[in-house]
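Undergrad: Provided herewith: entry19.cif, mmCIF, C-alpha atoms and all ligand atoms.
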```
data_data
loop_
_atom_site.label_atom_id
_atom_site.label_comp_id
_atom_site.auth_asym_id
_atom_site.auth_seq_id
_atom_site.Cartn_x
_atom_site.Cartn_y
_atom_site.Cartn_z
CA MET Y 1 0.00 0.00 0.00
CA LEU Y 2 1.20 3.44 -0.93
CA ALA Y 3 1.97 5.50 2.15
CA ILE Y 4 3.09 9.03 2.92
CA LEU Y 5 6.07 9.61 5.19
CA LYS Y 6 5.27 12.10 7.92
CA LEU Y 7 8.10 14.19 9.38
CA ASP Y 8 8.16 16.49 12.34
CA LEU Y 9 9.35 20.07 12.05
CA ALA Y 10 12.95 18.94 12.57
CA GLY Y 11 12.73 16.55 9.62
CA GLN Y 12 12.68 13.37 11.71
CA PRO Y 13 10.39 10.61 10.43
CA ARG Y 14 7.39 10.28 12.74
CA ARG Y 15 5.19 7.69 11.09
CA TRP Y 16 3.63 6.41 7.88
CA LEU Y 17 0.30 7.95 6.94
CA THR Y 18 -2.32 6.54 4.62
CA VAL Y 19 -2.99 8.76 1.61
CA HIS Y 20 -6.34 9.60 3.19
CA GLU Y 21 -4.65 10.77 6.39
CA ALA Y 22 -2.25 12.88 4.35
CA VAL Y 23 -5.13 14.50 2.45
CA THR Y 24 -6.76 15.34 5.78
CA ALA Y 25 -3.52 16.92 7.00
CA TYR Y 26 -3.39 19.09 3.85
CA ALA Y 27 -7.06 20.05 4.18
CA ARG Y 28 -6.52 21.12 7.79
CA GLY Y 29 -3.55 23.23 6.83
CA ASP Y 30 -1.22 21.13 8.99
CA VAL Y 31 1.35 20.53 6.26
CA LEU Y 32 4.32 22.88 6.60
CA TYR Y 33 6.18 21.61 3.56
CA GLY Y 34 6.38 18.64 1.26
CA ILE Y 35 9.29 16.84 -0.37
CA GLY Y 36 9.37 14.84 -3.59
CA ASP Y 37 7.42 14.54 -6.81
CA ALA Y 38 3.69 15.05 -6.32
CA LEU Y 39 1.44 12.03 -6.64
CA PRO Y 40 -1.44 12.18 -9.14
CA PRO Y 41 -3.97 14.75 -7.81
CA ILE Y 42 -6.69 13.45 -5.54
CA LEU Y 43 -10.21 14.73 -6.19
CA GLY Y 44 -12.14 16.07 -3.26
CA GLY Y 45 -15.79 17.12 -2.97
CA THR Y 46 -17.66 19.39 -5.40
CA GLN Y 47 -17.79 23.00 -4.29
CA ARG Y 48 -21.37 24.22 -4.09
CA LEU Y 49 -20.76 27.72 -5.44
CA THR Y 50 -18.54 26.95 -8.38
CA GLY Y 51 -19.60 23.40 -9.16
CA LEU Y 52 -15.92 22.51 -9.46
CA ARG Y 53 -14.32 19.61 -7.71
CA SER Y 54 -11.52 20.47 -5.34
CA GLN Y 55 -8.14 18.88 -5.92
CA ILE Y 56 -5.45 18.09 -3.41
CA THR Y 57 -1.90 17.41 -4.47
CA VAL Y 58 0.00 15.15 -2.10
CA GLN Y 59 3.75 14.80 -1.96
CA PRO Y 60 5.36 11.55 -0.78
CA ILE Y 61 6.95 13.20 2.26
CA ILE Y 62 5.23 15.85 4.36
CA ALA Y 63 6.33 17.79 7.42
CA THR Y 64 3.67 18.79 9.90
CA ALA Y 65 3.58 21.08 12.92
CA GLY Y 66 3.64 19.55 16.36
CA ARG Y 67 5.91 18.38 19.09
CA ILE Y 68 9.47 17.41 18.18
CA ARG Y 69 10.39 14.07 19.65
CA ASP Y 70 13.96 13.78 20.88
CA VAL Y 71 14.10 10.05 21.38
CA PHE Y 72 12.65 7.62 18.91
CA THR Y 73 11.88 4.16 20.27
CA PRO Y 74 11.54 1.79 17.33
CA PRO Y 75 8.79 -0.76 17.98
CA LEU Y 76 10.11 -4.31 17.86
CA CYS Y 77 8.13 -6.81 15.80
CA ASN Y 78 9.23 -9.92 13.91
CA ARG Y 79 8.34 -8.58 10.48
CA THR Y 80 10.64 -5.57 10.91
CA LEU Y 81 13.30 -7.60 12.73
CA PHE Y 82 13.49 -10.14 9.90
CA ARG Y 83 13.81 -7.33 7.39
CA ARG Y 84 16.63 -5.81 9.47
CA ASP Y 85 18.46 -9.13 9.19
CA ASP Y 86 17.56 -9.46 5.49
CA HIS Y 87 15.62 -12.67 6.19
CA THR Y 88 18.92 -14.35 6.94
CA CYS Y 89 19.51 -16.61 9.92
CA LEU Y 90 22.36 -14.86 11.76
CA TYR Y 91 23.78 -18.23 12.86
CA CYS Y 92 23.90 -20.36 9.68
CA GLY Y 93 23.72 -17.52 7.15
CA GLN Y 94 20.96 -19.00 5.01
CA ARG Y 95 17.99 -16.99 3.81
CA PHE Y 96 14.47 -18.06 4.72
CA ASN Y 97 10.84 -17.07 4.30
CA ARG Y 98 9.33 -15.11 7.15
CA THR Y 99 7.38 -18.16 8.30
CA ALA Y 100 10.55 -20.23 8.67
CA LEU Y 101 12.29 -17.66 10.87
CA THR Y 102 12.10 -17.09 14.59
CA ARG Y 103 13.11 -14.31 16.96
CA ASP Y 104 16.16 -15.56 18.85
CA HIS Y 105 17.34 -13.89 22.04
CA VAL Y 106 21.15 -13.81 21.84
CA ILE Y 107 21.35 -13.86 25.64
CA PRO Y 108 18.35 -16.05 26.45
CA VAL Y 109 15.52 -14.40 28.38
CA SER Y 110 15.85 -17.08 31.05
CA ARG Y 111 19.44 -15.91 31.56
CA GLY Y 112 18.51 -12.26 31.93
CA GLY Y 113 18.57 -11.31 28.23
CA ARG Y 114 16.19 -8.53 27.31
CA ASP Y 115 13.62 -8.46 24.53
CA ARG Y 116 15.21 -5.52 22.75
CA TRP Y 117 16.70 -4.80 19.35
CA GLU Y 118 20.30 -5.23 20.54
CA ASN Y 119 19.58 -8.71 21.89
CA VAL Y 120 17.42 -10.25 19.17
CA VAL Y 121 18.26 -11.72 15.79
CA ALA Y 122 16.52 -13.64 13.04
CA ALA Y 123 17.27 -17.36 13.39
CA CYS Y 124 15.96 -20.35 11.49
CA LYS Y 125 14.01 -22.86 13.51
CA ARG Y 126 16.81 -25.39 13.38
CA CYS Y 127 19.48 -23.02 14.67
CA ASN Y 128 17.15 -21.70 17.35
CA TRP Y 129 16.50 -25.28 18.48
CA ILE Y 130 20.21 -26.20 18.51
CA LYS Y 131 21.23 -23.02 20.33
CA ASP Y 132 18.51 -23.66 22.87
CA ASN Y 133 19.09 -21.95 26.20
CA LYS Y 134 22.71 -21.06 25.59
CA THR Y 135 24.71 -18.00 24.66
CA PRO Y 136 26.37 -18.02 21.22
CA GLU Y 137 29.72 -18.70 22.90
CA GLU Y 138 28.40 -21.65 24.89
CA ALA Y 139 26.68 -23.06 21.82
CA GLY Y 140 29.72 -22.51 19.59
CA MET Y 141 27.50 -20.52 17.23
CA PRO Y 142 29.04 -17.10 16.63
CA LEU Y 143 26.77 -14.39 15.27
CA LEU Y 144 27.34 -13.40 11.65
CA ALA Y 145 26.39 -9.77 12.35
CA ILE Y 146 25.89 -7.53 15.35
CA PRO Y 147 22.24 -6.92 16.18
CA PHE Y 148 21.50 -3.20 16.21
CA ARG Y 149 18.68 -0.87 17.11
CA PRO Y 150 17.47 0.91 13.95
CA ASN Y 151 17.33 4.69 14.08
CA ALA Y 152 14.14 6.51 13.05
CA TYR Y 153 15.16 6.57 9.38
CA GLU Y 154 16.13 2.91 9.26
CA TRP Y 155 13.05 1.80 11.15
CA HIS Y 156 10.63 3.64 8.88
CA PHE Y 157 12.33 2.08 5.88
CA LEU Y 158 12.20 -1.41 7.39
CA ALA Y 159 8.59 -1.04 8.51
CA LYS Y 160 7.23 -0.60 4.98
CA GLU Y 161 7.14 -3.05 2.09
CA ARG Y 162 6.74 -0.41 -0.57
CA VAL Y 163 8.82 2.75 -0.34
CA LEU Y 164 8.76 5.38 -3.09
CA THR Y 165 12.03 6.56 -4.62
CA ASP Y 166 11.84 10.00 -2.99
CA GLN Y 167 11.15 8.41 0.39
CA MET Y 168 14.02 5.95 -0.02
CA HIS Y 169 16.33 8.78 -0.97
CA TYR Y 170 15.31 10.83 2.07
CA LEU Y 171 15.57 7.96 4.56
CA SER Y 172 18.76 6.37 3.25
CA LYS Y 173 20.77 9.55 3.79
CA GLN Y 174 20.51 8.87 7.52
CA PHE Y 175 21.15 5.13 7.47
CA LYS Y 176 23.90 4.30 9.93
CA ALA Y 177 23.99 0.53 9.77
CA HIS Y 178 26.13 -1.31 7.26
CA ARG Y 179 23.85 -4.05 6.08
CA ALA Y 180 22.83 -5.37 2.71
CA TRP Y 181 19.42 -3.67 2.82
CA ALA Y 182 21.04 -0.27 3.21
CA HIS Y 183 22.55 -0.33 -0.27
ZN ZN Y 201 20.07 -21.11 10.85
#
```
Since I need it in another form, could you write the structure as structure tokens?
Ligand SMILES: [Zn+2]

TA:
Amino acid sequence: MLAILKLDLAGQPRRWLTVHEAVTAYARGDVLYGIGDALPPILGGTQRLTGLRSQITVQPIIATAGRIRDVFTPPLCNRTLFRRDDHTCLYCGQRFNRTALTRDHVIPVSRGGRDRWENVVAACKRCNWIKDNKTPEEAGMPLLAIPFRPNAYEWHFLAKERVLTDQMHYLSKQFKAHRAWAH
């Protein structure tokens, strides 16, 4: 689904909007500026006096007024986690479908490991089963990459299947991680 990237005044990605939500933001006058090539115009209601239909032009990235958030906490879900790890098991290095992957806690939860970005990786079911309740060192299964917490730009990219060229260009300028998806 096509989505519009919403920024705060400071240019930080805040969330993905549906096109309908973006149109509402334009109609309310909340949009401070837009970035990128305009999408095909969206027709609004017919104006009673003129009989003409109103048109709203939406850009793929819009900045709106409102509070500037200093700290972005990227929500952790498997879909986004597996995309961070490029659908690759970080133990055996093979690629899998989403359904064949699991969320592995590098330091197991039972051993005090936290359910957070820095302690979770995509793992195939087999590797997860073999690693069991052990650390990678104990299991003799070194990680192929360091798990990282995505920044706001990385997370918004990872959270969406379909990203428009202008959106990709805007987000990728602030990618910090060196992973295959970032190129
Ligand atoms: Zn594996």

Undergrad: Residues at most 8 Å from ligand ZN 201 (chain Y), using only C-alpha atoms and all ligand atoms? Could they come as a PyMOL selection string?

TA: chain Y and resi 88-94+123-128

Undergrad: For the atom pair CA of Thr18 in chain Y and CA of Pro41 in chain Y, what is the interatomic distance in Å to one decimal place?

TA: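 Result for CA of Thr18 in chain Y versus CA of Pro41 in chain Y: 15.0 Å, one decimal.
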
Undergrad: From the set Y:Gly51, Y:Glu154, Y:Ala145, Y:Arg84, which residue has the shortest atom-to-atom contact distance to Tyr170 in chain Y, counting all atoms listed in the file?

TA: Y:Glu154

Undergrad: Record the distance separating CA of Ala38 in chain Y and CA of Gly11 in chain Y, expressed in Å with one decimal.

TA: 18.4 Å

Undergrad: Give the answer as one residue: which of Y:His169, Y:His87, Y:Lys176, Y:Arg116 has the shortest atom-to-atom distance to Ile35 in chain Y, using all atoms listed in the file?

TA: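 Comparing Y:His169, Y:His87, Y:Lys176, Y:Arg116 against Ile35 in chain Y, the winner is Y:His169.
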
Undergrad: Would you please work out which residue, of Y:Arg162, Y:Arg48, Y:Arg53, Y:Arg103, is nearest to Leu81 in chain Y when using all atoms listed in the file?

TA: Y:Arg103

Undergrad: Just to confirm, what's the straight-line distance from CA of Ala152 in chain Y to CA of Pro74 in chain Y in Å (one decimal)?

TA: 6.9 Å

Undergrad: Could you check which residues have any atom within 10 Å of (-12.3, 12.1, -8.2), counting only C-alpha atoms with coordinates taken straight from the file, and then list them as a list of chain:residue names?

TA: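 Output: Y:Pro41, Y:Ile42, Y:Leu43, Y:Gly44, Y:Gly45, Y:Thr46, Y:Arg53, Y:Ser54, Y:Gln55.
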
Undergrad: Using all atoms listed in the file, find the one residue out of Y:Val163, Y:Leu9, Y:Ile146, Y:Leu158 that sits nearest to Arg69 in chain Y.

TA: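 Among Y:Val163, Y:Leu9, Y:Ile146, Y:Leu158, it is Y:Leu9 that comes nearest to Arg69 in chain Y.
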
Undergrad: Work out where the centre of an axis-aligned box around every listed atom of range 29-39 of chain Y lies and how long its edges are once 5 Å is added on each side; give both in Å to one decimal as lines of an AutoDock Vina configuration file.

TA:
```
center_x = 2.9
center_y = 17.6
center_z = 1.1
size_x = 22.9
size_y = 21.2
size_z = 25.8
```

Undergrad: Give the answer as one residue: which of Y:Tyr153, Y:Trp117, Y:Phe148, Y:Phe96 has the shortest atom-to-atom distance to Leu7 in chain Y, using all atoms listed in the file?

TA: Y:Tyr153
